[in-house]
Every structure is written in C-alpha cells, then in structure tokens.
Amino acid sequence: MGWGRLRKKKDIPGGLWTKCKDCGALIYTKEFVQNMHVCPKCGFHHTVFGRRRIEITADPGTFAERFTDLRPTDRLDFVDTVSYAEKIEKAQEKTGQTDACIAGTCQIEGHDVVLAVLDFCFMGGSMGEVVGEKLALAIELAEELKQPIIIFSASGGARMHEGAISLMQMAKTCAALQKFAAAGGFSISIMTNPTTGGVTASFASVCDLMIGEPKALIGFAGPRVIQNTIQQDLPEGFQRSEFLLEKGQLDKIVSRPDMRAMIAQILRYTPRGRNHQSA
Ligand SMILES: [Zn+2]
C-alpha cells in the first residue's frame, strides 16, 4: 500500500493532496484541514494561516476584529530584489489583510479574551510598525476590558525592511505587557512553528505563561547561524519546544487539537478569566 504511484507523478491534482513537510506522507487535504493542519501520520504541526488560527481558537462567531485601519508604510523606500512597497502589496493581495497581525476580542469556551495572532503567510509574520502597534493596542484593550490577552506567534522576527522602527516594536510591546502585568493583567503566549528573532526576544517570551506547540522551532538566531558562529555541533532537538520545556523557557507543550480546551482550563484558574466567564 502507499502512494508511490502518485508520488512519482509531477502533477498531483491541485490542492487535493497535501504533503507532510516532516514525514513526507501524502494527506487528503480535506482530512488535513479537518485535523487542524496536523499530520495524521507523524503529528507534525504545520503552520496555519492567521484566520484559520482564529477559527480553531475562538468560539464560532465571537471574534470581533479591531485596529483594521492600520496600514504599513515604506518609510525607507527599501528595496532588496523588489521594493518593500511592492512586497506589502503582494502580501496584502495574498492574505486579504493589511499586515501580519490580526487582533480583536472573542470568547474561548465562554471566556472573554483579547486575541492577537501573527500570520506567517504575511511576510513571514514579521514584526514591523503595524504589528507592534496592533499588539500594544491589543494589550491596552485587554487592560481596559479587564480581560486576559492570548497571543499566538509565528514569525521570522523583526521586519528588516523597516529598519530600526521594527526593532523599536520589541521595546514597545514589552513595555505594554509590563504595564498590563503591573495592573493585574494576565497574558498567555503561544509560540508556534516557527517563532524566531525579535518576536522571541520580546513580547512572546515575557507573558505570564509560555506555551509551545509540539516540535515548534523557537529561538533568536536560527540553528544554522549559531552552528556556523560557534563552530560546534548543536545538541539534538536544539531550539525545539521539547528542548525549551526541559530548559525552562516554556511552561507547557500543548498539541493543536487540545489548545482551545487547555486555554479555557487555564482561564478558569485565573481570577479575571473566572470573573468574566459568568458575566
Ligand atoms: Zn507527517
């Protein structure tokens, strides 16, 4: 048995089958989507686009998006192979969004929360001015509403096309979270594959609870860069969730199908989560 015959064919009917990026198994796309983009053969968690993340996290029909009027600008007239302005336009066309962060309010198993999601499909979920501003606004909204904030990350890091302005977002988001925590706010960071660079080095790592999806790559510089720099072999599983849990950087690993229920369970134990559930 198997799909050897199909695998040899160059043209697999468009979108009917999806190849697992980890074990290479061919999965019926419908089954793959139903399984929340987790490989049924090996359990690998593929990156999901932002809207799908909201769909599998929020109670149906409860997500109300905010801050949709913020749009990125090409302040530096940055050009690598193509101009940043053109890249933004393409990403907007592809995703139907203005930038890589989707934020709003919703309920998760009846708990009122503020939810912010980084969309890897929009320029690798990179954090520029708009992403940082949306996150800071979302954190402030959570404070105003006295609700927990849940942040899902999937990101290549700071957006180099915006230069120092993108790096400033690291400080801004951390400051917002610090202010929120000092006022009694509760935050959960969920790091998914991959969460790297300036995102790992800022808001994603300073929430009250840090959760990882299984086998997610989480780190600052990538393993190859580190290996080339220190000229040493890296330990097995380096920068994967399981390694980080062992070292204490993550509090828990939760598989995608269990994520929603786990968040709800955590919220039941937090005073603000409880208060708002009965409201
Ligand atoms: Zn697989």
# chains A, B, ... in the order shown; residues from 1 in each chain; ligands from 1
call {"tool": "residues_around", "arguments": {"residues": "Arg52 of chain A", "least_positions_apart": "5", "cutoff": "10 Å", "atoms": "only C-alpha atoms", "output": "PyMOL selection string"}}
result
chain A and resi 33+36-37+57+119
call {"tool": "write_last_selection", "arguments": {"atoms": "N, CA and C atoms", "output": "compact mmCIF listing (two decimals), in the first residue's frame"}}
result
# COMPACT_ATOMS: atom_id res chain seq x y z
N VAL A 33 -7.03 19.54 6.70
CA VAL A 33 -7.64 20.77 7.21
C VAL A 33 -8.49 20.46 8.44
N MET A 36 -6.77 20.20 11.65
CA MET A 36 -6.12 21.45 12.04
C MET A 36 -4.69 21.54 11.52
N HIS A 37 -4.44 21.01 10.33
CA HIS A 37 -3.13 21.07 9.67
C HIS A 37 -2.05 20.32 10.45
N THR A 57 -9.59 28.62 17.33
CA THR A 57 -9.35 29.04 18.71
C THR A 57 -10.58 29.70 19.33
N ASP A 119 0.29 36.25 11.55
CA ASP A 119 0.05 35.43 10.38
C ASP A 119 1.34 35.23 9.61
call {"tool": "residues_near_ligand", "arguments": {"ligand": "ligand 1", "cutoff": "9 Å", "atoms": "only C-alpha atoms and all ligand atoms", "output": "ChimeraX atom specification"}}
result
/A:19-27,38-45
call {"tool": "residues_around", "arguments": {"residues": "Phe238 of chain A", "least_positions_apart": "5", "cutoff": "12 Å", "atoms": "only C-alpha atoms", "output": "list of chain:residue names"}}
result
A:Lys215, A:Ala216, A:Leu217, A:Ile218, A:Gly219, A:Phe220, A:Ala221, A:Gly222, A:Pro223, A:Arg224, A:Ile226, A:Gln227, A:Asp233, A:Phe243, A:Leu244, A:Leu245, A:Glu246, A:Lys247
call {"tool": "write_last_selection", "arguments": {"atoms": "N, CA and C atoms", "output": "compact mmCIF listing (two decimals), in the first residue's frame"}}
result
# COMPACT_ATOMS: atom_id res chain seq x y z
N LYS A 215 7.19 20.35 18.78
CA LYS A 215 8.29 20.42 17.79
C LYS A 215 8.46 21.79 17.12
N ALA A 216 7.85 22.84 17.68
CA ALA A 216 7.98 24.17 17.06
C ALA A 216 9.41 24.66 17.20
N LEU A 217 9.92 25.29 16.14
CA LEU A 217 11.24 25.92 16.21
C LEU A 217 11.07 27.27 16.90
N ILE A 218 11.73 27.43 18.02
CA ILE A 218 11.63 28.68 18.79
C ILE A 218 13.05 29.11 19.15
N GLY A 219 13.43 30.30 18.74
CA GLY A 219 14.78 30.75 19.06
C GLY A 219 15.02 32.16 18.59
N PHE A 220 16.21 32.67 18.83
CA PHE A 220 16.55 34.01 18.36
C PHE A 220 17.19 33.87 16.98
N ALA A 221 18.46 33.56 16.93
CA ALA A 221 19.09 33.23 15.64
C ALA A 221 18.80 31.76 15.33
N GLY A 222 18.74 31.41 14.06
CA GLY A 222 18.45 30.05 13.66
C GLY A 222 19.61 29.11 13.97
N PRO A 223 19.33 27.79 14.04
CA PRO A 223 20.37 26.83 14.39
C PRO A 223 21.60 26.88 13.48
N ARG A 224 21.36 27.12 12.19
CA ARG A 224 22.49 27.14 11.25
C ARG A 224 23.44 28.30 11.54
N ILE A 226 23.87 29.80 14.41
CA ILE A 226 24.59 29.54 15.67
C ILE A 226 25.72 28.53 15.44
N GLN A 227 25.37 27.46 14.70
CA GLN A 227 26.37 26.42 14.43
C GLN A 227 27.58 26.99 13.68
N ASP A 233 28.85 21.36 17.13
CA ASP A 233 27.59 20.69 16.85
C ASP A 233 26.58 21.07 17.93
N PHE A 243 12.86 20.74 23.84
CA PHE A 243 14.16 21.15 24.39
C PHE A 243 13.96 22.36 25.32
N LEU A 244 13.14 23.30 24.86
CA LEU A 244 12.92 24.53 25.62
C LEU A 244 12.09 24.30 26.88
N LEU A 245 11.22 23.30 26.82
CA LEU A 245 10.44 22.95 28.01
C LEU A 245 11.38 22.41 29.09
N GLU A 246 12.30 21.55 28.64
CA GLU A 246 13.27 20.95 29.54
C GLU A 246 14.17 22.02 30.18
N LYS A 247 14.51 23.06 29.39
CA LYS A 247 15.40 24.11 29.89
C LYS A 247 14.66 25.22 30.64
call {"tool": "select_by_dssp", "arguments": {"residues": "segment 44-246 of chain A", "states": "strand (DSSP E or B)", "output": "PyMOL selection string"}}
result
chain A and resi 45+64-66+79+83+101-108+111-118+127+149-155+158+187-196+209-212+217-219+240
call {"tool": "residues_around", "arguments": {"residues": "segment 149-154 of chain A", "least_positions_apart": "5", "cutoff": "8 Å", "atoms": "only C-alpha atoms", "output": "count of residues only"}}
result
27
call {"tool": "closest_residue", "arguments": {"among": "A:Pro214, A:Pro72, A:Gly128, A:Met262", "to": "Gln92 of chain A", "atoms": "only C-alpha atoms"}}
result
A:Pro72
call {"tool": "atom_distance", "arguments": {"atom1": "atom CA of Ala91 of chain A", "atom2": "atom CA of Gly50 of chain A"}}
result
13.0 Å
call {"tool": "select_by_dssp", "arguments": {"residues": "segment 29-208 of chain A", "states": "helix (DSSP H, G or I)", "output": "PyMOL selection string"}}
result
chain A and resi 29-34+50-57+84-95+123-125+129-145+160-162+164-182+197-200+203-205
